[in-house]
Structure formats: C-alpha cells, structure tokens
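Here's the structure we're looking at; comments come further down.
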Amino acid sequence: MDLNDERGNLAQVQHVVLVLSGKGGVGKSTLTTELALALRHAGKKVGILDVDLCGPSIPRMLSVGRPEVHQCDAGWVPVYTDANKSLALMSIGFLLENPDDAVVWRGPKKTALIGQFVSDVAWGELDFLLVDTPPGTSDEHLAVVENLRKHKVDGAILVTTPQAVSTGDVRREITFCKKTGLRILGIVENMSGFVCPHCSECSNIFSKGGGEELAKLTGAPFLGCVPLDPQLSSCVEEGRDFIQAFPESATFSAIS
Ligand code: ADP
C-alpha cells in the first residue's frame, strides 16, 4: 500500500457504495447484508461499514455478536465472518462501551466519532465496501459523505418501501444526494408484496411500483423489488445466508 495515498485505509478498496433510506425499518440493513452475501457468493471480497449509531443491526444479522476489536498500526482491524476473510465487518456498535449511550449524544459528538471511524479501519484489499448509514439525512450522513469524499465514493443505493415513496422520505434522500454530489446508483423497492409461506403466492399488501415510479421521476436506475418474505426475515434473524430474493444482476451492474 502506498502510505502517501490520501485515501489511506481505503487505498486498496475498489468500490465504495453507500446504502441509504429515508426512514428506519424499511430493510436497509437487511438489503446491505443480502447484497454483501450475494457479492461474496459471486467471488468478491466485501466489507461492510456499519455506521448506524443508534441501531447497528448488521453484527446480529451476520451472527458475529459483539467481539472485541483489535488495533494494528493502520487502525482498527475489521471482524471477519469467515475463515477465507471474504466478508469483513466493522460496526460502530463494536466500539461503544454501552451502545445505548449513543442515542442521547449530541450531533457534534456523533459527527466526530463517525469521522474517525470512516478513516480508521484497516480494510486491506476489498472489491466492495458497503456503508450502511443511519436512516434519514442527518449530521451523521454529512459526516460520512464528507469523510469519504476524498476516497471517491461510487454512489448510493436507495432502499424504499412501496408506500414510503408517497411520504416524501425518499425524495428528501434524493435531494440530499443531489446537494452532496452523491451519484444515485439505483433504487430498490423492498417489502414489495407478501410471499405466502404456504402457497408462495405474492400479494400486494401495500401499493406496488412506487420504487419504479420514483426511479423514472429522478432518472435513477430501478434495480428491482424484494417481496416481504417470512423466510428472509427468519434467515436474517438467525444470521443465515439467503440470497435468492435480492435483485443481484441489476445491482451488480449498477455498482461495478
Ligand atoms: P432498517 O435497516 O431499514 O432499519 P432492517 O433491515 O433492520 O431495517 O429491517 C427491519 C426488519 O424488517 C427486520 O426484522 C428484517 O428482518 C425485516 N425485513 C426487512 N426486509 C424484509 C423482507 N423483504 N422480508 C421480510 N422481512 C424483512
């Protein structure tokens, strides 16, 4: 690694992709995890940087618990989920003595921690680094984007549910991307219909097509839909791989 490279710990990372959502609970962390697993399945080396201070859920989804994080000369060593070191994870949750404390921190404290966190993880060589951000467009997002700017972020994938489109949350996310110069790589509609566990029929509980409509409106690529699937949520809860649901081919071409 060229130690003079201003990208520092991200110098050997080929692609940096942010995953954003307008609000919590729409499946952003689930889809970040699913995308990482799908990329690993395709033979890529992947890292996930979980900066969701108030709800770091990816360690649970990948069944790594709350390990002790070690330091090396270059910074914090990520936690590897497999012996081949093909999936690395660093969660801000690992660094907090008491994760509940962060909920009451003021903006500047969160911003400072995120700034340091983004630059100080020793990723080594990675094909993709996926950054799971908190929901919304807060100081934390600005801190992530500003600290990653010099590392040439490829862009962001926006996760929405069909009905969230009409509430305007995702539109605010789009405005945030435009204002900060973040390219929208694509939009994924999650919880798009419900797959019956008995007959596998998919029913549209909410409206459908909102994600696609939004993509047309903004000119961003529509990457596909992921239905509400009880199998997916139990796999996520138990930390098991479940890659069939993810619109991987469209997403892979958008982020490569
Ligand atoms: P966010 O990161 O946007 O807050 P999560 O990824 O934590 O949301 O997802 C919230 C909950 O919804 C989790 O329990 C997750 O298992 C579940 N979930 C997300 N997407 C799906 C889906 N397509 N089918 C079934 N359950 C889902």
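Just so we're on the same page: first chain in the structure tokens is A, next is B, and so on; residues restart at 1 for each chain, and ligands are numbered from 1 in the order they show up.
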#### Entry: Test item: residues lying within 6 Å of ligand 1 with only C-alpha atoms and all ligand atoms, as number ranges by chain
A: 24-30, 190-191, 226-230, 232-233, 236
Per residue of region 83-154 of chain A within 10 Å of region 159-178 of chain A, what are the shortest atom pair and its distance in Å to one decimal, counting only C-alpha atoms, with rows by chain and residue number, as a tab-separated table?
```
residue	atom	partner	partner_atom	distance
A:Pro135	CA	A:Glu173	CA	9.4
A:Gly136	CA	A:Glu173	CA	6.9
A:Thr137	CA	A:Glu173	CA	6.5
A:Ser138	CA	A:Phe176	CA	9.6
A:His141	CA	A:Phe176	CA	9.2
A:Leu142	CA	A:Phe176	CA	9.1
A:Val145	CA	A:Cys177	CA	9.6
```
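Closest to Cys72 (chain A) among A:Phe94, A:Trp123, A:Phe252, A:Trp105 is A:Trp123, based on only C-alpha atoms.
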### Task
Please return as a PyMOL selection string: the residues of region 53-249 of chain A that backbone DSSP assigns to alpha helix (DSSP H).
chain A and resi 58-61+92-95+107-119+139-148+164-167+169-180+210-218+230-238+248-249
Could you dump the residues just selected with C-alpha atoms as a PDB file, in the first residue's frame?
```pdb
ATOM      1  CA  ILE A  58     -25.580  -5.905  10.978  1.00  0.00           C
ATOM      2  CA  PRO A  59     -23.435  -7.761  13.595  1.00  0.00           C
ATOM      3  CA  ARG A  60     -26.576  -9.645  14.642  1.00  0.00           C
ATOM      4  CA  MET A  61     -27.560 -10.333  11.036  1.00  0.00           C
ATOM      5  CA  ILE A  92     -19.689   1.351  15.194  1.00  0.00           C
ATOM      6  CA  GLY A  93     -21.565  -0.780  17.727  1.00  0.00           C
ATOM      7  CA  PHE A  94     -18.332  -2.722  18.401  1.00  0.00           C
ATOM      8  CA  LEU A  95     -16.614   0.433  19.642  1.00  0.00           C
ATOM      9  CA  GLY A 107     -24.674  15.904  16.825  1.00  0.00           C
ATOM     10  CA  PRO A 108     -21.010  17.041  17.162  1.00  0.00           C
ATOM     11  CA  LYS A 109     -20.053  14.008  19.245  1.00  0.00           C
ATOM     12  CA  LYS A 110     -21.664  11.657  16.727  1.00  0.00           C
ATOM     13  CA  THR A 111     -20.058  13.520  13.822  1.00  0.00           C
ATOM     14  CA  ALA A 112     -16.593  13.334  15.403  1.00  0.00           C
ATOM     15  CA  LEU A 113     -16.856   9.619  16.083  1.00  0.00           C
ATOM     16  CA  ILE A 114     -18.129   8.882  12.574  1.00  0.00           C
ATOM     17  CA  GLY A 115     -15.349  10.973  11.009  1.00  0.00           C
ATOM     18  CA  GLN A 116     -12.689   8.989  12.808  1.00  0.00           C
ATOM     19  CA  PHE A 117     -14.456   5.701  12.261  1.00  0.00           C
ATOM     20  CA  VAL A 118     -14.720   6.131   8.474  1.00  0.00           C
ATOM     21  CA  SER A 119     -10.964   6.668   8.058  1.00  0.00           C
ATOM     22  CA  ASP A 139     -25.387  15.248  10.593  1.00  0.00           C
ATOM     23  CA  GLU A 140     -24.172  11.665  10.584  1.00  0.00           C
ATOM     24  CA  HIS A 141     -24.784  11.381   6.824  1.00  0.00           C
ATOM     25  CA  LEU A 142     -22.923  14.585   6.143  1.00  0.00           C
ATOM     26  CA  ALA A 143     -20.050  13.301   8.279  1.00  0.00           C
ATOM     27  CA  VAL A 144     -19.954  10.041   6.302  1.00  0.00           C
ATOM     28  CA  VAL A 145     -20.110  11.767   2.921  1.00  0.00           C
ATOM     29  CA  GLU A 146     -17.559  14.441   3.835  1.00  0.00           C
ATOM     30  CA  ASN A 147     -15.109  11.931   5.270  1.00  0.00           C
ATOM     31  CA  LEU A 148     -15.477   9.616   2.309  1.00  0.00           C
ATOM     32  CA  ALA A 164     -42.728   5.290   1.583  1.00  0.00           C
ATOM     33  CA  VAL A 165     -42.445   6.864  -1.832  1.00  0.00           C
ATOM     34  CA  SER A 166     -45.583   8.916  -1.306  1.00  0.00           C
ATOM     35  CA  THR A 167     -44.455  10.194   2.126  1.00  0.00           C
ATOM     36  CA  ASP A 169     -38.855  10.494   2.814  1.00  0.00           C
ATOM     37  CA  VAL A 170     -37.071   9.095  -0.189  1.00  0.00           C
ATOM     38  CA  ARG A 171     -37.436  12.356  -2.069  1.00  0.00           C
ATOM     39  CA  ARG A 172     -35.546  14.082   0.754  1.00  0.00           C
ATOM     40  CA  GLU A 173     -32.874  11.412   0.400  1.00  0.00           C
ATOM     41  CA  ILE A 174     -32.661  12.181  -3.315  1.00  0.00           C
ATOM     42  CA  THR A 175     -32.302  15.895  -2.596  1.00  0.00           C
ATOM     43  CA  PHE A 176     -29.532  15.036  -0.125  1.00  0.00           C
ATOM     44  CA  CYS A 177     -27.687  13.033  -2.821  1.00  0.00           C
ATOM     45  CA  LYS A 178     -28.036  15.882  -5.317  1.00  0.00           C
ATOM     46  CA  LYS A 179     -26.846  18.521  -2.850  1.00  0.00           C
ATOM     47  CA  THR A 180     -23.844  16.487  -1.715  1.00  0.00           C
ATOM     48  CA  GLY A 210     -43.598   3.198  -6.133  1.00  0.00           C
ATOM     49  CA  GLY A 211     -39.883   2.497  -6.382  1.00  0.00           C
ATOM     50  CA  GLU A 212     -40.039   2.186 -10.138  1.00  0.00           C
ATOM     51  CA  GLU A 213     -42.113   5.352 -10.404  1.00  0.00           C
ATOM     52  CA  LEU A 214     -39.579   7.208  -8.290  1.00  0.00           C
ATOM     53  CA  ALA A 215     -36.737   5.888 -10.417  1.00  0.00           C
ATOM     54  CA  LYS A 216     -38.460   7.218 -13.551  1.00  0.00           C
ATOM     55  CA  LEU A 217     -39.061  10.568 -11.892  1.00  0.00           C
ATOM     56  CA  THR A 218     -35.458  11.003 -10.837  1.00  0.00           C
ATOM     57  CA  PRO A 230     -41.052 -14.551   6.249  1.00  0.00           C
ATOM     58  CA  GLN A 231     -38.176 -16.840   5.185  1.00  0.00           C
ATOM     59  CA  LEU A 232     -35.978 -13.814   4.557  1.00  0.00           C
ATOM     60  CA  SER A 233     -36.728 -12.301   7.947  1.00  0.00           C
ATOM     61  CA  SER A 234     -36.072 -15.587   9.796  1.00  0.00           C
ATOM     62  CA  CYS A 235     -32.787 -16.067   7.878  1.00  0.00           C
ATOM     63  CA  VAL A 236     -31.777 -12.518   8.793  1.00  0.00           C
ATOM     64  CA  GLU A 237     -32.747 -13.025  12.444  1.00  0.00           C
ATOM     65  CA  GLU A 238     -30.731 -16.259  12.595  1.00  0.00           C
ATOM     66  CA  GLU A 248     -28.495  -9.061  -7.804  1.00  0.00           C
ATOM     67  CA  SER A 249     -27.782  -8.858 -11.510  1.00  0.00           C
TER      68      SER A 249
END
```
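In this comparison, which uses only C-alpha atoms, the residue of A:Ile205, A:Leu126, A:Ala83, A:Leu158 approaching Lys23 (chain A) most closely is A:Leu158.
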### Task
Using DSSP on the backbone coordinates, identify the residues of region 66-233 of chain A assigned to strand (DSSP E or B); present them as a PyMOL selection string.
chain A and resi 71-72+75-76+79-80+87-91+121+126-132+155-160+184-195+202-203+222-228
### Query
For the atom pair CA of Glu97 (chain A) and CA of Glu68 (chain A), what is the interatomic distance in Å to one decimal place?
10.7 Å
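Near Ala88 (chain A), within a cut-off of 9 Å and counting only C-alpha atoms, sit the residues A:Lys45, A:Val46, A:Gly47, A:Ile48, A:Leu49, A:Pro78, A:Val79, A:Tyr80, A:Thr81, A:Asp82, A:Lys85, A:Trp123, A:Leu126, with same-chain residues fewer than 3 positions away left out.
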Using 12 Å as the limit and counting only C-alpha atoms, can you tabulate each residue of region 63-99 of chain A that touches region 8-18 of chain A, with its shortest atom-to-atom distance in Å and the two atoms involved, as a tab-separated table?
```
residue	atom	partner	partner_atom	distance
A:Cys72	CA	A:Asn9	CA	11.8
A:Asp73	CA	A:Asn9	CA	11.0
A:Ala74	CA	A:Asn9	CA	7.2
A:Gly75	CA	A:Asn9	CA	8.2
A:Trp76	CA	A:Asn9	CA	10.1
A:Val77	CA	A:Asn9	CA	10.8
A:Pro78	CA	A:Asn9	CA	11.7
```
Take the residues just selected and output them with C-alpha atoms as a short mmCIF file (atom, residue, chain, number, x, y, z; two decimals), in the first residue's frame.
```cif
data_model
loop_
_atom_site.label_atom_id
_atom_site.label_comp_id
_atom_site.auth_asym_id
_atom_site.auth_seq_id
_atom_site.Cartn_x
_atom_site.Cartn_y
_atom_site.Cartn_z
CA CYS A 72 -2.98 -2.61 14.28
CA ASP A 73 -0.62 0.15 13.06
CA ALA A 74 -3.09 1.15 10.33
CA GLY A 75 -6.13 1.31 12.62
CA TRP A 76 -8.97 -0.95 13.77
CA VAL A 77 -8.92 -4.48 12.40
CA PRO A 78 -12.32 -5.46 10.98
#
```
### Query
Residues at most 7 Å from Pro134 (chain A), counting only C-alpha atoms, excluding those fewer than 6 positions away in the same chain, as an NGL selection string?
:A and (51-53)
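Between CA of Leu96 (chain A) and CA of Val69 (chain A) there is a distance of 10.6 Å.
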